[in-house]
$ cat work-v4.cif   # mmCIF, C-alpha atoms
data_input
loop_
_atom_site.group_PDB
_atom_site.id
_atom_site.type_symbol
_atom_site.label_atom_id
_atom_site.label_comp_id
_atom_site.auth_asym_id
_atom_site.auth_seq_id
_atom_site.Cartn_x
_atom_site.Cartn_y
_atom_site.Cartn_z
ATOM 1 C CA MET U 1 -19.496 19.328 -65.175
ATOM 2 C CA THR U 2 -20.960 22.088 -67.318
ATOM 3 C CA GLU U 3 -18.968 23.966 -69.933
ATOM 4 C CA ALA U 4 -19.518 27.269 -68.068
ATOM 5 C CA THR U 5 -18.118 25.770 -64.881
ATOM 6 C CA SER U 6 -15.087 24.216 -66.546
ATOM 7 C CA GLY U 7 -14.290 27.540 -68.222
ATOM 8 C CA LEU U 8 -13.687 29.147 -64.831
ATOM 9 C CA LEU U 9 -10.827 26.780 -64.034
ATOM 10 C CA ARG U 10 -7.215 27.204 -65.066
ATOM 11 C CA THR U 11 -5.863 24.809 -67.628
ATOM 12 C CA ARG U 12 -2.968 22.687 -66.421
ATOM 13 C CA GLU U 13 -1.431 22.429 -69.871
ATOM 14 C CA ARG U 14 0.657 25.569 -69.360
ATOM 15 C CA THR U 15 2.249 27.376 -66.429
ATOM 16 C CA ALA U 16 -0.243 29.586 -64.608
ATOM 17 C CA ARG U 17 0.837 33.221 -64.464
ATOM 18 C CA VAL U 18 -0.099 35.874 -61.942
ATOM 19 C CA THR U 19 -2.618 38.281 -63.464
ATOM 20 C CA ASN U 20 -3.184 41.995 -62.920
ATOM 21 C CA VAL U 21 -6.327 41.473 -60.877
ATOM 22 C CA GLU U 22 -4.375 39.219 -58.518
ATOM 23 C CA LEU U 23 -1.726 41.917 -58.098
ATOM 24 C CA PHE U 24 -4.516 44.424 -57.420
ATOM 25 C CA PHE U 25 -5.783 42.132 -54.684
ATOM 26 C CA ASP U 26 -2.267 41.859 -53.225
ATOM 27 C CA LEU U 27 -1.960 45.652 -53.020
ATOM 28 C CA VAL U 28 -4.775 45.727 -50.472
ATOM 29 C CA TYR U 29 -2.842 43.348 -48.254
ATOM 30 C CA VAL U 30 0.321 45.401 -48.537
ATOM 31 C CA PHE U 31 -1.800 48.235 -47.147
ATOM 32 C CA ALA U 32 -2.901 45.873 -44.374
ATOM 33 C CA VAL U 33 0.725 45.095 -43.472
ATOM 34 C CA THR U 34 1.472 48.827 -43.387
ATOM 35 C CA GLN U 35 -1.499 49.347 -41.075
ATOM 36 C CA LEU U 36 -0.130 46.681 -38.751
ATOM 37 C CA SER U 37 3.241 48.443 -38.713
ATOM 38 C CA HIS U 38 1.558 51.671 -37.613
ATOM 39 C CA TYR U 39 -0.470 49.745 -35.034
ATOM 40 C CA LEU U 40 2.715 48.313 -33.550
ATOM 41 C CA LEU U 41 4.319 51.759 -33.433
ATOM 42 C CA ASP U 42 1.295 53.135 -31.568
ATOM 43 C CA HIS U 43 1.141 50.164 -29.151
ATOM 44 C CA ARG U 44 4.728 49.526 -28.119
ATOM 45 C CA SER U 45 4.065 46.984 -25.395
ATOM 46 C CA VAL U 46 3.909 43.235 -24.958
ATOM 47 C CA ALA U 47 0.125 43.329 -25.325
ATOM 48 C CA GLY U 48 0.438 45.464 -28.451
ATOM 49 C CA ALA U 49 2.939 43.046 -29.993
ATOM 50 C CA LEU U 50 0.670 40.073 -29.255
ATOM 51 C CA HIS U 51 -2.337 41.861 -30.723
ATOM 52 C CA ALA U 52 -0.358 42.799 -33.837
ATOM 53 C CA THR U 53 0.761 39.171 -34.236
ATOM 54 C CA LEU U 54 -2.828 37.960 -33.963
ATOM 55 C CA LEU U 55 -3.987 40.490 -36.558
ATOM 56 C CA LEU U 56 -1.104 39.493 -38.830
ATOM 57 C CA ALA U 57 -2.253 35.865 -38.630
ATOM 58 C CA ILE U 58 -5.787 36.926 -39.639
ATOM 59 C CA VAL U 59 -4.461 38.990 -42.552
ATOM 60 C CA TRP U 60 -2.129 36.217 -43.698
ATOM 61 C CA LEU U 61 -4.831 33.531 -43.621
ATOM 62 C CA ALA U 62 -7.245 35.703 -45.607
ATOM 63 C CA TRP U 63 -4.562 36.323 -48.251
ATOM 64 C CA ALA U 64 -3.237 32.747 -48.334
ATOM 65 C CA TYR U 65 -6.667 31.137 -48.721
ATOM 66 C CA THR U 66 -7.378 33.436 -51.661
ATOM 67 C CA ALA U 67 -3.998 32.685 -53.239
ATOM 68 C CA TRP U 68 -4.827 28.982 -53.083
ATOM 69 C CA VAL U 69 -8.249 29.542 -54.656
ATOM 70 C CA THR U 70 -6.776 31.482 -57.581
ATOM 71 C CA ASN U 71 -4.406 28.581 -58.114
ATOM 72 C CA TRP U 72 -7.375 26.724 -59.587
ATOM 73 C CA LEU U 73 -9.532 29.549 -60.912
ATOM 74 C CA GLU U 74 -8.869 31.528 -64.092
ATOM 75 C CA PRO U 75 -8.796 35.233 -63.093
ATOM 76 C CA GLN U 76 -9.343 36.309 -66.706
ATOM 77 C CA ARG U 77 -12.934 35.100 -66.470
ATOM 78 C CA ILE U 78 -15.505 37.720 -65.437
ATOM 79 C CA PRO U 79 -17.051 35.775 -62.482
ATOM 80 C CA VAL U 80 -13.594 35.156 -61.020
ATOM 81 C CA ARG U 81 -12.616 38.791 -61.509
ATOM 82 C CA LEU U 82 -15.766 39.894 -59.727
ATOM 83 C CA LEU U 83 -14.957 37.497 -56.893
ATOM 84 C CA LEU U 84 -11.439 38.918 -56.475
ATOM 85 C CA ILE U 85 -12.637 42.519 -56.690
ATOM 86 C CA GLY U 86 -15.316 41.793 -54.102
ATOM 87 C CA LEU U 87 -12.767 40.140 -51.822
ATOM 88 C CA ALA U 88 -10.420 43.100 -52.338
ATOM 89 C CA LEU U 89 -13.147 45.556 -51.277
ATOM 90 C CA VAL U 90 -13.969 43.539 -48.168
ATOM 91 C CA SER U 91 -10.239 43.258 -47.433
ATOM 92 C CA LEU U 92 -9.916 47.025 -47.793
ATOM 93 C CA VAL U 93 -12.591 47.525 -45.139
ATOM 94 C CA MET U 94 -10.811 45.080 -42.850
ATOM 95 C CA SER U 95 -7.428 46.738 -43.459
ATOM 96 C CA ALA U 96 -8.792 50.209 -42.750
ATOM 97 C CA ALA U 97 -10.232 48.960 -39.441
ATOM 98 C CA LEU U 98 -7.040 47.229 -38.251
ATOM 99 C CA PRO U 99 -5.741 50.163 -36.137
ATOM 100 C CA THR U 100 -8.966 50.029 -34.088
ATOM 101 C CA ALA U 101 -9.439 46.256 -34.279
ATOM 102 C CA PHE U 102 -9.414 45.978 -30.485
ATOM 103 C CA GLY U 103 -11.568 49.066 -30.147
ATOM 104 C CA ARG U 104 -14.912 50.105 -31.559
ATOM 105 C CA PHE U 105 -14.398 48.699 -35.085
ATOM 106 C CA GLY U 106 -13.599 45.125 -34.133
ATOM 107 C CA ILE U 107 -16.772 43.909 -35.800
ATOM 108 C CA LEU U 108 -15.466 45.154 -39.152
ATOM 109 C CA VAL U 109 -12.339 43.036 -38.818
ATOM 110 C CA GLY U 110 -14.122 39.916 -37.575
ATOM 111 C CA GLY U 111 -17.045 40.312 -39.959
ATOM 112 C CA ALA U 112 -14.812 40.921 -42.992
ATOM 113 C CA TYR U 113 -12.733 37.851 -42.179
ATOM 114 C CA ALA U 114 -15.856 35.700 -41.900
ATOM 115 C CA VAL U 115 -17.318 37.050 -45.150
ATOM 116 C CA MET U 116 -14.092 36.302 -47.035
ATOM 117 C CA GLN U 117 -13.544 32.820 -45.630
ATOM 118 C CA ILE U 118 -17.139 31.664 -46.062
ATOM 119 C CA GLY U 119 -17.956 33.553 -49.269
ATOM 120 C CA ARG U 120 -14.809 32.510 -51.125
ATOM 121 C CA THR U 121 -15.181 28.843 -50.183
ATOM 122 C CA SER U 122 -18.885 28.813 -51.045
ATOM 123 C CA PHE U 123 -18.010 30.178 -54.491
ATOM 124 C CA MET U 124 -15.583 27.288 -54.984
ATOM 125 C CA VAL U 125 -18.174 24.724 -53.909
ATOM 126 C CA VAL U 126 -20.514 26.060 -56.605
ATOM 127 C CA VAL U 127 -17.830 26.376 -59.294
ATOM 128 C CA LEU U 128 -16.440 22.880 -58.729
ATOM 129 C CA ARG U 129 -19.776 21.157 -59.167
ATOM 130 C CA GLY U 130 -19.040 17.785 -60.768
ATOM 131 C CA GLN U 131 -15.309 18.003 -59.963
ATOM 132 C CA PRO U 132 -13.497 15.662 -57.527
ATOM 133 C CA LEU U 133 -11.921 18.751 -55.927
ATOM 134 C CA ARG U 134 -15.371 19.918 -54.791
ATOM 135 C CA ALA U 135 -15.369 17.563 -51.802
ATOM 136 C CA ASN U 136 -12.229 19.251 -50.483
ATOM 137 C CA PHE U 137 -13.876 22.648 -50.498
ATOM 138 C CA GLN U 138 -17.007 21.259 -48.910
ATOM 139 C CA ARG U 139 -14.794 20.185 -46.012
ATOM 140 C CA ILE U 140 -13.063 23.573 -45.964
ATOM 141 C CA LEU U 141 -16.439 25.326 -45.919
ATOM 142 C CA ALA U 142 -17.446 23.410 -42.792
ATOM 143 C CA TRP U 143 -14.279 24.573 -41.012
ATOM 144 C CA CYS U 144 -14.673 28.143 -42.302
ATOM 145 C CA LEU U 145 -18.210 28.295 -40.926
ATOM 146 C CA VAL U 146 -16.807 27.541 -37.482
ATOM 147 C CA SER U 147 -13.939 30.043 -37.761
ATOM 148 C CA GLY U 148 -16.300 32.641 -39.243
ATOM 149 C CA VAL U 149 -18.705 32.407 -36.308
ATOM 150 C CA LEU U 150 -15.787 32.754 -33.886
ATOM 151 C CA ALA U 151 -14.432 35.771 -35.806
ATOM 152 C CA VAL U 152 -17.810 37.553 -35.778
ATOM 153 C CA ALA U 153 -18.346 36.744 -32.101
ATOM 154 C CA GLY U 154 -14.906 38.155 -31.359
ATOM 155 C CA GLY U 155 -15.803 41.352 -33.157
ATOM 156 C CA ILE U 156 -18.965 41.731 -31.083
ATOM 157 C CA VAL U 157 -17.563 41.174 -27.605
ATOM 158 C CA THR U 158 -15.073 43.468 -25.896
ATOM 159 C CA GLY U 159 -12.056 43.062 -23.665
ATOM 160 C CA PRO U 160 -9.837 39.958 -23.505
ATOM 161 C CA ALA U 161 -12.680 37.786 -24.853
ATOM 162 C CA ARG U 162 -12.161 39.335 -28.293
ATOM 163 C CA SER U 163 -8.543 38.216 -28.404
ATOM 164 C CA TRP U 164 -9.392 34.690 -27.287
ATOM 165 C CA LEU U 165 -12.215 34.286 -29.809
ATOM 166 C CA TRP U 166 -10.067 35.580 -32.675
ATOM 167 C CA LEU U 167 -7.239 33.325 -31.559
ATOM 168 C CA ALA U 168 -9.690 30.418 -31.662
ATOM 169 C CA ALA U 169 -10.782 31.407 -35.195
ATOM 170 C CA VAL U 170 -7.160 31.444 -36.371
ATOM 171 C CA ALA U 171 -6.507 28.130 -34.638
ATOM 172 C CA VAL U 172 -9.497 26.536 -36.387
ATOM 173 C CA ASP U 173 -8.300 27.581 -39.854
ATOM 174 C CA LEU U 174 -4.716 26.516 -39.145
ATOM 175 C CA THR U 175 -5.736 23.208 -37.575
ATOM 176 C CA GLY U 176 -8.080 22.480 -40.460
ATOM 177 C CA GLY U 177 -5.197 22.236 -42.893
ATOM 178 C CA LEU U 178 -3.175 20.053 -40.524
ATOM 179 C CA ALA U 179 -6.158 17.738 -40.021
ATOM 180 C CA GLY U 180 -6.891 17.468 -43.731
ATOM 181 C CA PHE U 181 -10.128 19.391 -43.067
ATOM 182 C CA TRP U 182 -11.672 16.237 -41.632
ATOM 183 C CA THR U 183 -15.434 16.695 -41.496
ATOM 184 C CA PRO U 184 -18.108 14.219 -40.339
ATOM 185 C CA GLY U 185 -19.842 12.784 -43.374
ATOM 186 C CA PHE U 186 -17.203 14.117 -45.803
ATOM 187 C CA GLY U 187 -14.089 12.412 -44.518
ATOM 188 C CA ARG U 188 -10.583 13.802 -44.801
ATOM 189 C CA SER U 189 -8.649 15.386 -47.675
ATOM 190 C CA ALA U 190 -5.398 13.793 -48.759
ATOM 191 C CA THR U 191 -2.456 15.606 -50.320
ATOM 192 C CA SER U 192 -2.965 13.562 -53.481
ATOM 193 C CA ASP U 193 -6.394 15.192 -53.878
ATOM 194 C CA TRP U 194 -4.850 18.606 -54.581
ATOM 195 C CA THR U 195 -3.526 19.497 -58.001
ATOM 196 C CA ILE U 196 -1.365 22.537 -57.318
ATOM 197 C CA GLU U 197 0.504 24.785 -59.738
ATOM 198 C CA GLY U 198 3.619 25.415 -57.650
ATOM 199 C CA ASN U 199 5.057 28.086 -59.940
ATOM 200 C CA HIS U 200 1.915 30.175 -59.582
ATOM 201 C CA LEU U 201 1.974 30.099 -55.786
ATOM 202 C CA ALA U 202 5.685 30.893 -55.749
ATOM 203 C CA GLU U 203 5.132 33.862 -58.059
ATOM 204 C CA ARG U 204 2.259 35.102 -55.900
ATOM 205 C CA CYS U 205 4.450 35.058 -52.792
ATOM 206 C CA GLN U 206 7.322 36.698 -54.679
ATOM 207 C CA ALA U 207 5.095 39.497 -55.972
ATOM 208 C CA PHE U 208 3.613 40.085 -52.532
ATOM 209 C CA ILE U 209 7.043 40.360 -50.916
ATOM 210 C CA LEU U 210 8.338 42.700 -53.616
ATOM 211 C CA ILE U 211 5.325 44.991 -53.270
ATOM 212 C CA ALA U 212 5.671 44.957 -49.480
ATOM 213 C CA LEU U 213 9.356 45.863 -49.764
ATOM 214 C CA GLY U 214 8.450 48.694 -52.121
ATOM 215 C CA GLU U 215 5.950 50.006 -49.573
ATOM 216 C CA SER U 216 8.641 49.802 -46.894
ATOM 217 C CA ILE U 217 10.996 51.866 -49.056
ATOM 218 C CA VAL U 218 8.272 54.498 -49.472
ATOM 219 C CA LEU U 219 7.746 54.578 -45.702
ATOM 220 C CA ILE U 220 11.478 54.902 -45.035
ATOM 221 C CA GLY U 221 11.755 57.615 -47.663
ATOM 222 C CA ALA U 222 8.903 59.549 -46.075
ATOM 223 C CA THR U 223 10.572 59.245 -42.673
ATOM 224 C CA LEU U 224 13.881 60.434 -44.098
ATOM 225 C CA SER U 225 12.103 63.349 -45.760
ATOM 226 C CA ARG U 226 10.693 64.409 -42.381
ATOM 227 C CA LEU U 227 14.189 64.119 -40.885
ATOM 228 C CA LEU U 228 15.572 66.359 -43.609
ATOM 229 C CA GLU U 229 12.782 68.884 -43.049
ATOM 230 C CA THR U 230 13.681 68.897 -39.354
ATOM 231 C CA SER U 231 17.332 69.423 -40.243
ATOM 232 C CA ILE U 232 16.454 72.389 -42.453
ATOM 233 C CA THR U 233 14.348 73.914 -39.664
ATOM 234 C CA TRP U 234 17.222 73.573 -37.229
ATOM 235 C CA ALA U 235 19.602 75.099 -39.757
ATOM 236 C CA GLU U 236 17.323 78.121 -40.128
ATOM 237 C CA ALA U 237 17.294 78.425 -36.317
ATOM 238 C CA ALA U 238 21.685 77.971 -36.736
ATOM 239 C CA ALA U 239 21.418 81.091 -38.932
ATOM 240 C CA PHE U 240 18.952 83.096 -36.736
ATOM 241 C CA LYS U 241 21.024 82.784 -33.545
ATOM 242 C CA PHE U 242 24.203 83.789 -35.357
ATOM 243 C CA ALA U 243 22.549 86.824 -36.987
ATOM 244 C CA VAL U 244 21.054 88.100 -33.705
ATOM 245 C CA TRP U 245 23.567 87.110 -31.022
ATOM 246 C CA ARG U 246 26.672 86.273 -33.064
ATOM 247 C CA VAL U 247 26.645 82.844 -31.452
ATOM 248 C CA ILE U 248 27.441 79.702 -33.385
ATOM 249 C CA PRO U 249 25.091 76.903 -32.136
ATOM 250 C CA TRP U 250 27.527 74.026 -32.436
ATOM 251 C CA THR U 251 25.029 71.568 -30.954
ATOM 252 C CA ARG U 252 22.497 72.233 -33.712
ATOM 253 C CA LEU U 253 25.120 72.165 -36.421
ATOM 254 C CA GLY U 254 26.310 68.817 -35.113
ATOM 255 C CA ALA U 255 22.741 67.543 -35.023
ATOM 256 C CA VAL U 256 22.210 68.574 -38.653
ATOM 257 C CA VAL U 257 25.349 66.670 -39.647
ATOM 258 C CA VAL U 258 24.287 63.566 -37.703
ATOM 259 C CA LEU U 259 20.791 63.610 -39.212
ATOM 260 C CA GLY U 260 22.337 63.957 -42.649
ATOM 261 C CA LEU U 261 24.551 60.931 -41.985
ATOM 262 C CA LEU U 262 21.465 58.964 -40.966
ATOM 263 C CA GLY U 263 20.432 59.142 -44.604
ATOM 264 C CA LEU U 264 23.310 56.786 -45.391
ATOM 265 C CA ALA U 265 21.824 54.231 -43.004
ATOM 266 C CA VAL U 266 18.399 54.143 -44.684
ATOM 267 C CA PRO U 267 19.003 50.804 -46.480
ATOM 268 C CA ALA U 268 20.184 49.153 -43.254
ATOM 269 C CA LEU U 269 17.765 50.550 -40.656
ATOM 270 C CA PRO U 270 13.974 50.167 -40.465
ATOM 271 C CA ALA U 271 11.734 53.186 -40.130
ATOM 272 C CA LEU U 272 11.404 52.572 -36.390
ATOM 273 C CA GLY U 273 15.198 52.549 -36.035
ATOM 274 C CA LEU U 274 15.541 55.806 -37.961
ATOM 275 C CA GLY U 275 12.892 57.456 -35.822
ATOM 276 C CA LEU U 276 14.627 56.269 -32.638
ATOM 277 C CA CYS U 277 17.990 57.634 -33.803
ATOM 278 C CA ALA U 278 16.415 60.980 -34.677
ATOM 279 C CA ALA U 279 14.754 61.147 -31.245
ATOM 280 C CA LEU U 280 18.096 60.469 -29.538
ATOM 281 C CA VAL U 281 19.705 63.309 -31.517
ATOM 282 C CA VAL U 282 16.940 65.714 -30.453
ATOM 283 C CA LEU U 283 17.285 64.662 -26.806
ATOM 284 C CA ALA U 284 21.060 65.133 -26.936
ATOM 285 C CA VAL U 285 20.695 68.672 -28.337
ATOM 286 C CA ALA U 286 18.097 69.531 -25.701
ATOM 287 C CA ALA U 287 20.321 68.213 -22.907
ATOM 288 C CA LEU U 288 23.387 70.112 -24.135
ATOM 289 C CA ASP U 289 21.417 73.341 -24.576
ATOM 290 C CA TYR U 290 19.950 73.000 -21.084
ATOM 291 C CA ARG U 291 23.390 72.414 -19.644
ATOM 292 C CA ALA U 292 24.744 75.503 -21.394
ATOM 293 C CA TYR U 293 21.769 77.568 -20.173
ATOM 294 C CA ARG U 294 22.266 76.458 -16.561
ATOM 295 C CA GLY U 295 25.965 77.233 -16.843
ATOM 296 C CA LYS U 296 25.216 80.812 -17.823
#
$ encode --input "work-v4.cif" --output "structure tokens"
Amino acid sequence: MTEATSGLLRTRERTARVTNVELFFDLVYVFAVTQLSHYLLDHRSVAGALHATLLLAIVWLAWAYTAWVTNWLEPQRIPVRLLLIGLALVSLVMSAALPTAFGRFGILVGGAYAVMQIGRTSFMVVVLRGQPLRANFQRILAWCLVSGVLAVAGGIVTGPARSWLWLAAVAVDLTGGLAGFWTPGFGRSATSDWTIEGNHLAERCQAFILIALGESIVLIGATLSRLLETSITWAEAAAFKFAVWRVIPWTRLGAVVVLGLLGLAVPALPALGLGLCAALVVLAVAALDYRAYRGK
């Protein structure tokens, strides 16, 4: 093993810490999760839920495989930084294409997944030259080549075939780990072959979840802000009716109060729940106003 190669690996003498470039990479995947949330909101059906679950599996595998790689590599080194930045850019393209993954931009999702799985593993095969761990990544590369071809093929075809091919790609990468990445000519990996820094992986998952929760708070806050803007608009309409017709619109005043109380439920309700509650309030006001109009 050359000195340049060994310098790219983390030392096991101290606890590996999550670096800034790793957090930068995680931010892209928080954006991907947000994209999936919007996709699910726009496709509220059984098929939409299944598609969102499949896309979530693709996103999770791309992130998890990279988290494992950085468990061995030292992100402070320039080649490793360039690898993570490159993977982040490819991930950004994939994340941006997620809302239309089953439409015209499916090739971007499938192609990006293949580039990440194959490119990242190939980098490890080169870096680990002379290391016992290299054989493991040679096995992983063989499995990633299969899943990558399936992912690209899924991005090319249309209709139900895309879902089945992407499901096959996910199944290959998941089954590979369960099978020890058994490959003809290379054998099977054993758990004793992996030297893992558990604290690093735990910190990666913790940081990812915290960032995702922060993004959720921003989304909820934006939704609440729109609710408040709606309340203010209705209040301006409470004031206009009273000034012109001397009529107090009790339905709108009640709606403003209810929407204001919804702000107290922000920590307990998801954005979808808040939007549903706001829609029910609007429908109730419309129904009561229509009833009053018909009565007159």
$ resolve_selection --input "work-v4.cif" --expression "the PyMOL selection byres ((chain U and resi 20) around 12)" --output "PyMOL selection string"
chain U and resi 17-19+21-27+74-76+81+84-85+204+207
$ write_last_selection --input "work-v4.cif" --atoms "C-alpha atoms" --output "PDB file, keeping the file's coordinate frame"
ATOM      1  CA  ARG U  17       0.837  33.221 -64.464  1.00  0.00           C
ATOM      2  CA  VAL U  18      -0.099  35.874 -61.942  1.00  0.00           C
ATOM      3  CA  THR U  19      -2.618  38.281 -63.464  1.00  0.00           C
ATOM      4  CA  VAL U  21      -6.327  41.473 -60.877  1.00  0.00           C
ATOM      5  CA  GLU U  22      -4.375  39.219 -58.518  1.00  0.00           C
ATOM      6  CA  LEU U  23      -1.726  41.917 -58.098  1.00  0.00           C
ATOM      7  CA  PHE U  24      -4.516  44.424 -57.420  1.00  0.00           C
ATOM      8  CA  PHE U  25      -5.783  42.132 -54.684  1.00  0.00           C
ATOM      9  CA  ASP U  26      -2.267  41.859 -53.225  1.00  0.00           C
ATOM     10  CA  LEU U  27      -1.960  45.652 -53.020  1.00  0.00           C
ATOM     11  CA  GLU U  74      -8.869  31.528 -64.092  1.00  0.00           C
ATOM     12  CA  PRO U  75      -8.796  35.233 -63.093  1.00  0.00           C
ATOM     13  CA  GLN U  76      -9.343  36.309 -66.706  1.00  0.00           C
ATOM     14  CA  ARG U  81     -12.616  38.791 -61.509  1.00  0.00           C
ATOM     15  CA  LEU U  84     -11.439  38.918 -56.475  1.00  0.00           C
ATOM     16  CA  ILE U  85     -12.637  42.519 -56.690  1.00  0.00           C
ATOM     17  CA  ARG U 204       2.259  35.102 -55.900  1.00  0.00           C
ATOM     18  CA  ALA U 207       5.095  39.497 -55.972  1.00  0.00           C
TER      19      ALA U 207
END
$ residues_around --input "work-v4.cif" --residues "Gly106 (chain U)" --least-positions-apart "4" --cutoff "8 Å" --atoms "only C-alpha atoms" --output "compact mmCIF listing (two decimals) with C-alpha atoms, in the frame of the given file"
# COMPACT_ATOMS: atom_id res chain seq x y z
CA ALA U 97 -10.23 48.96 -39.44
CA THR U 100 -8.97 50.03 -34.09
CA ALA U 101 -9.44 46.26 -34.28
CA PHE U 102 -9.41 45.98 -30.48
CA GLY U 110 -14.12 39.92 -37.58
CA GLY U 154 -14.91 38.16 -31.36
CA GLY U 155 -15.80 41.35 -33.16
CA ILE U 156 -18.96 41.73 -31.08
$ resolve_selection --input "work-v4.cif" --expression "the PyMOL selection byres ((chain U and resi 92) around 12)" --output "MDAnalysis selection string"
chainID U and resid 24:33 35 59 62:63 84:91 93:98 108:109 112:113 116
$ write_last_selection --input "work-v4.cif" --atoms "C-alpha atoms" --output "mmCIF file, keeping the file's coordinate frame"
data_model
loop_
_atom_site.group_PDB
_atom_site.id
_atom_site.type_symbol
_atom_site.label_atom_id
_atom_site.label_comp_id
_atom_site.auth_asym_id
_atom_site.auth_seq_id
_atom_site.Cartn_x
_atom_site.Cartn_y
_atom_site.Cartn_z
ATOM 1 C CA PHE U 24 -4.516 44.424 -57.420
ATOM 2 C CA PHE U 25 -5.783 42.132 -54.684
ATOM 3 C CA ASP U 26 -2.267 41.859 -53.225
ATOM 4 C CA LEU U 27 -1.960 45.652 -53.020
ATOM 5 C CA VAL U 28 -4.775 45.727 -50.472
ATOM 6 C CA TYR U 29 -2.842 43.348 -48.254
ATOM 7 C CA VAL U 30 0.321 45.401 -48.537
ATOM 8 C CA PHE U 31 -1.800 48.235 -47.147
ATOM 9 C CA ALA U 32 -2.901 45.873 -44.374
ATOM 10 C CA VAL U 33 0.725 45.095 -43.472
ATOM 11 C CA GLN U 35 -1.499 49.347 -41.075
ATOM 12 C CA VAL U 59 -4.461 38.990 -42.552
ATOM 13 C CA ALA U 62 -7.245 35.703 -45.607
ATOM 14 C CA TRP U 63 -4.562 36.323 -48.251
ATOM 15 C CA LEU U 84 -11.439 38.918 -56.475
ATOM 16 C CA ILE U 85 -12.637 42.519 -56.690
ATOM 17 C CA GLY U 86 -15.316 41.793 -54.102
ATOM 18 C CA LEU U 87 -12.767 40.140 -51.822
ATOM 19 C CA ALA U 88 -10.420 43.100 -52.338
ATOM 20 C CA LEU U 89 -13.147 45.556 -51.277
ATOM 21 C CA VAL U 90 -13.969 43.539 -48.168
ATOM 22 C CA SER U 91 -10.239 43.258 -47.433
ATOM 23 C CA VAL U 93 -12.591 47.525 -45.139
ATOM 24 C CA MET U 94 -10.811 45.080 -42.850
ATOM 25 C CA SER U 95 -7.428 46.738 -43.459
ATOM 26 C CA ALA U 96 -8.792 50.209 -42.750
ATOM 27 C CA ALA U 97 -10.232 48.960 -39.441
ATOM 28 C CA LEU U 98 -7.040 47.229 -38.251
ATOM 29 C CA LEU U 108 -15.466 45.154 -39.152
ATOM 30 C CA VAL U 109 -12.339 43.036 -38.818
ATOM 31 C CA ALA U 112 -14.812 40.921 -42.992
ATOM 32 C CA TYR U 113 -12.733 37.851 -42.179
ATOM 33 C CA MET U 116 -14.092 36.302 -47.035
#
$ atom_distance --input "work-v4.cif" --atom1 "CA of Ala135 (chain U)" --atom2 "CA of Leu150 (chain U)"
23.5 Å
$ closest_residue --input "work-v4.cif" --among "U:Asp193, U:Leu201, U:Gly187, U:Gly177" --to "Leu133 (chain U)" --atoms "all atoms listed in the file"
U:Asp193
$ resolve_selection --input "work-v4.cif" --expression "the PyMOL selection byres ((chain U and resi 125) around 12)" --output "list in words"
Thr5, Val69, Ile118, Gly119, Arg120, Thr121, Ser122, Phe123, Met124, Val126, Val127, Leu128, Arg129, Gly130, Gln131, Pro132, Leu133, Arg134, Ala135, Asn136, Phe137, Gln138, Arg139, Ile140, Leu141 and Ala142 of chain U
$ closest_residue --input "work-v4.cif" --among "U:Thr53, U:Ser45, U:Ser192, U:Asn71" --to "Trp166 (chain U)" --atoms "all atoms listed in the file"
U:Thr53
$ atom_distance --input "work-v4.cif" --atom1 "CA of Asp42 (chain U)" --atom2 "CA of Phe105 (chain U)"
16.7 Å
$ closest_residue --input "work-v4.cif" --among "U:Leu280, U:Val115, U:Val157, U:Leu73" --to "Arg10 (chain U)" --atoms "all atoms listed in the file"
U:Leu73
